[in-house]
Amino acid sequence: MIVLGLDGATFSLVEPWVESGRLPNFERLLDESVHGDLESTVPEITVPAWPAFATGRDPTELDMYGFTHFNRESRENDLSHDEFVPGKMWDAVDDQGGRSVVFNIPGSYPWQAIDGTIIAAAPEYKDEYAHPPERWDELTDLVDGYKLRNDESTDSRAYVDLSLDLVDKRFEGFEHFIQKEEPDLAVGLIRATDRVAHHFWGDESTPPASLDNPLFEIYERVDERLGEFLDAHEDEDLVVMSDHGFEKVRSKFAPNYVLEQAGLATLTESGDAKKAAMGTLRDTASDLLGKVGLLTLARKLIPESALTDVPTGNNLGLENALNMNRIDWAKTSAIADVGQKTTMVYALSDDPSEIEHICAEAKSALGGTAEAFGLWVRFEHLDRGGPHTPDLAMIIETPEVHASSRFDVDEALFEVDTSGHAREGIFLARGPSFRDGTVEGAHITDIAPTVLHALGYRLPESMTGEVLDMFADGSDPTERDPDTYDFVGADAVTGGGVSGHDEKADEVKDRLRRLGYLE
């Protein structure tokens with residue numbers, strides 16, 4: 001079984017570009033597969049989506065809500081880069097005597113040892129990038145150099161060219177380890193479909209299928225490599241999926257502004273002026289140095305530890321409000337963190353009746369304001385899985401509208417010109433085990449149990465996803481019921497990366513701001 005992830009890939013691009021005849025191998029895959037939308041996690045962000053994919057568990061079980069997530073207890077934003085998530089599907093395969101290849105999957109680090117190969121996904125200053133460690137040199141020799149991420153300036157042609165090169169190298173590296181290891185399960189990811197969409201979507205709701213469009217260039221290159229991949233694995237089960245979709249974003253809704261207007265959140269008159277000045281200076285220098293290619297050198301000369309918790313950017317979003325001590329906690333009962341189309345409301349109480357009352361007030365204020373602006377939203381009440389789990393989630397269903405954590409806006413809905421994640425990703429499965437046609441109601445947490453069942457392995461009881469109805473009549477998976485067992489997994493055997501206050505944490509948050517994940 002092979003699972004090929006295309007980060008942020010979306011049918012809103014694939015389908016019109018297929019119809020125009022520009023993506024022949026995606027067209028071939030659609031014709032030969034069972035396929036449909038794949039609903040992402042709440043929120044629809046790379047993390048927690050990929051850990052939820054790997055474990056078949058909902059974010060409430062993982063207590064993971066973004067690259068950074070608000071901590072109700074410390075009232076800070078924690079980095080989630082290095083949180084060990086046990087019970088991934090390849091851990092279950094290893095536990096039952098199987099072999100796996102894991103290539104470039106976010107949230108796979110830290111890992112527990114498995115029989116097979118793991119290549120890390122853009123980790124932050126780790127001691128090791130592969131398991132076993134010698135696989136890293138093998139990979140870099142194979143593809144004549146290999147990069148964990150694209151550090152070129154995001155508004156440059158060099159960024160696009162390196163993204164295209166990384167598509168080739170990731171396909172080549174993934175295929176190499178599949179052929180070498182002959183695994184029961186191979187899981188790999190192409191990131192450029194997400195990264196270039198963040199920076200090069202353009203003005204139109206559906207960007208043109210033109211070589212003048214960098215995003216189409218990426219999809220066309222993926223299509224070329226996908227054709228080779230389909231040919232190489234003609235008789236094998238193959239799943240192609242994404243962690244979320246993508247869309248043009250023309251306006252944002254500001255829940256913290258609404259909570260402040262409703263008296264649920266209060267700002268102080270002023271915050272830490274020295275930190276604010278340092279943040280403005282740092283951002284100006286970073287932008288200038290990044291454009292001339294000297295940002296990496298500057299970071300070596302100026303220790304990031306001197307800039308820990310310094311605000312970034314000019315907007316007063318949650319991150320900057322926390323860093324500048326602008327939130328009056330004595331007068332604040334609810335605060336909102338955001339993740340693309342999702343607002344996450346944290347009630348600042350441990351008393352069940354107070355939590356219920358705060359959430360009711362927040363829901364009324366947010367829902368009423370959204371309705372006044374003509375937005376379609378829905379709410380989910382969540383059970384606390386830990387300090388990062390919100391009590392209430394508001395999901396914006398209106399296309400091209402996202403959430404913003406900003407306090408400093410003139411009204412709750414304001415115009416922007418950007419792009420970001422959509423709720424529905426893509427799901428396609430081709431091979432002898434799968435039927436053709438469509439699949440309805442697929443969720444990203446369903447993939448791990450479906451894959452394990454298809455392989456004939458037992459499912460960890462911790463999985464909350466379900467086995468999808470997508471198997472061919474007479475195939476082995478249709479002849480048996482899913483079997484579960486008590487499996488959690490071992491402890492991580494790797495560690496030592498960025499944590500919330502390490503000297504490199506600020507640099508990580510700076511990159512997240514440039515991608516639109518932090519304000």
# chains A, B, ... in the order shown; residues from 1 in each chain; ligands from 1
$ residues_around --residues "region 217-221 of chain A" --least-positions-apart "4" --cutoff "12 Å" --atoms "only C-alpha atoms" --output "ChimeraX atom specification"
/A:6-11,13-15,17-18,21-26,157,159-169,171,190-197,200-201,207-213,225-228
$ closest_residue --among "A:Glu44, A:Glu440, A:Glu461, A:Glu204" --to "Ile396 (chain A)" --atoms "only C-alpha atoms"
A:Glu44
$ atom_distance --atom1 "CA of Glu466 (chain A)" --atom2 "CA of Thr478 (chain A)"
14.2 Å
$ select_by_dssp --residues "region 53-203 of chain A" --states "helix (DSSP H, G or I)" --output "count of residues only"
57
$ closest_residue --among "A:Glu415, A:Asp94, A:Asp243, A:Glu380" --to "Trp50 (chain A)" --atoms "only C-alpha atoms"
A:Asp243
$ atom_distance --atom1 "CA of Glu182 (chain A)" --atom2 "CA of Trp90 (chain A)"
14.2 Å
$ select_by_dssp --residues "region 143-298 of chain A" --states "strand (DSSP E or B)" --output "number ranges by chain"
A: 185-190, 238-241, 245-253, 267
$ closest_residue --among "A:Thr68, A:Ser33, A:Ser108, A:Thr332" --to "Phe434 (chain A)" --atoms "only C-alpha atoms"
A:Ser33
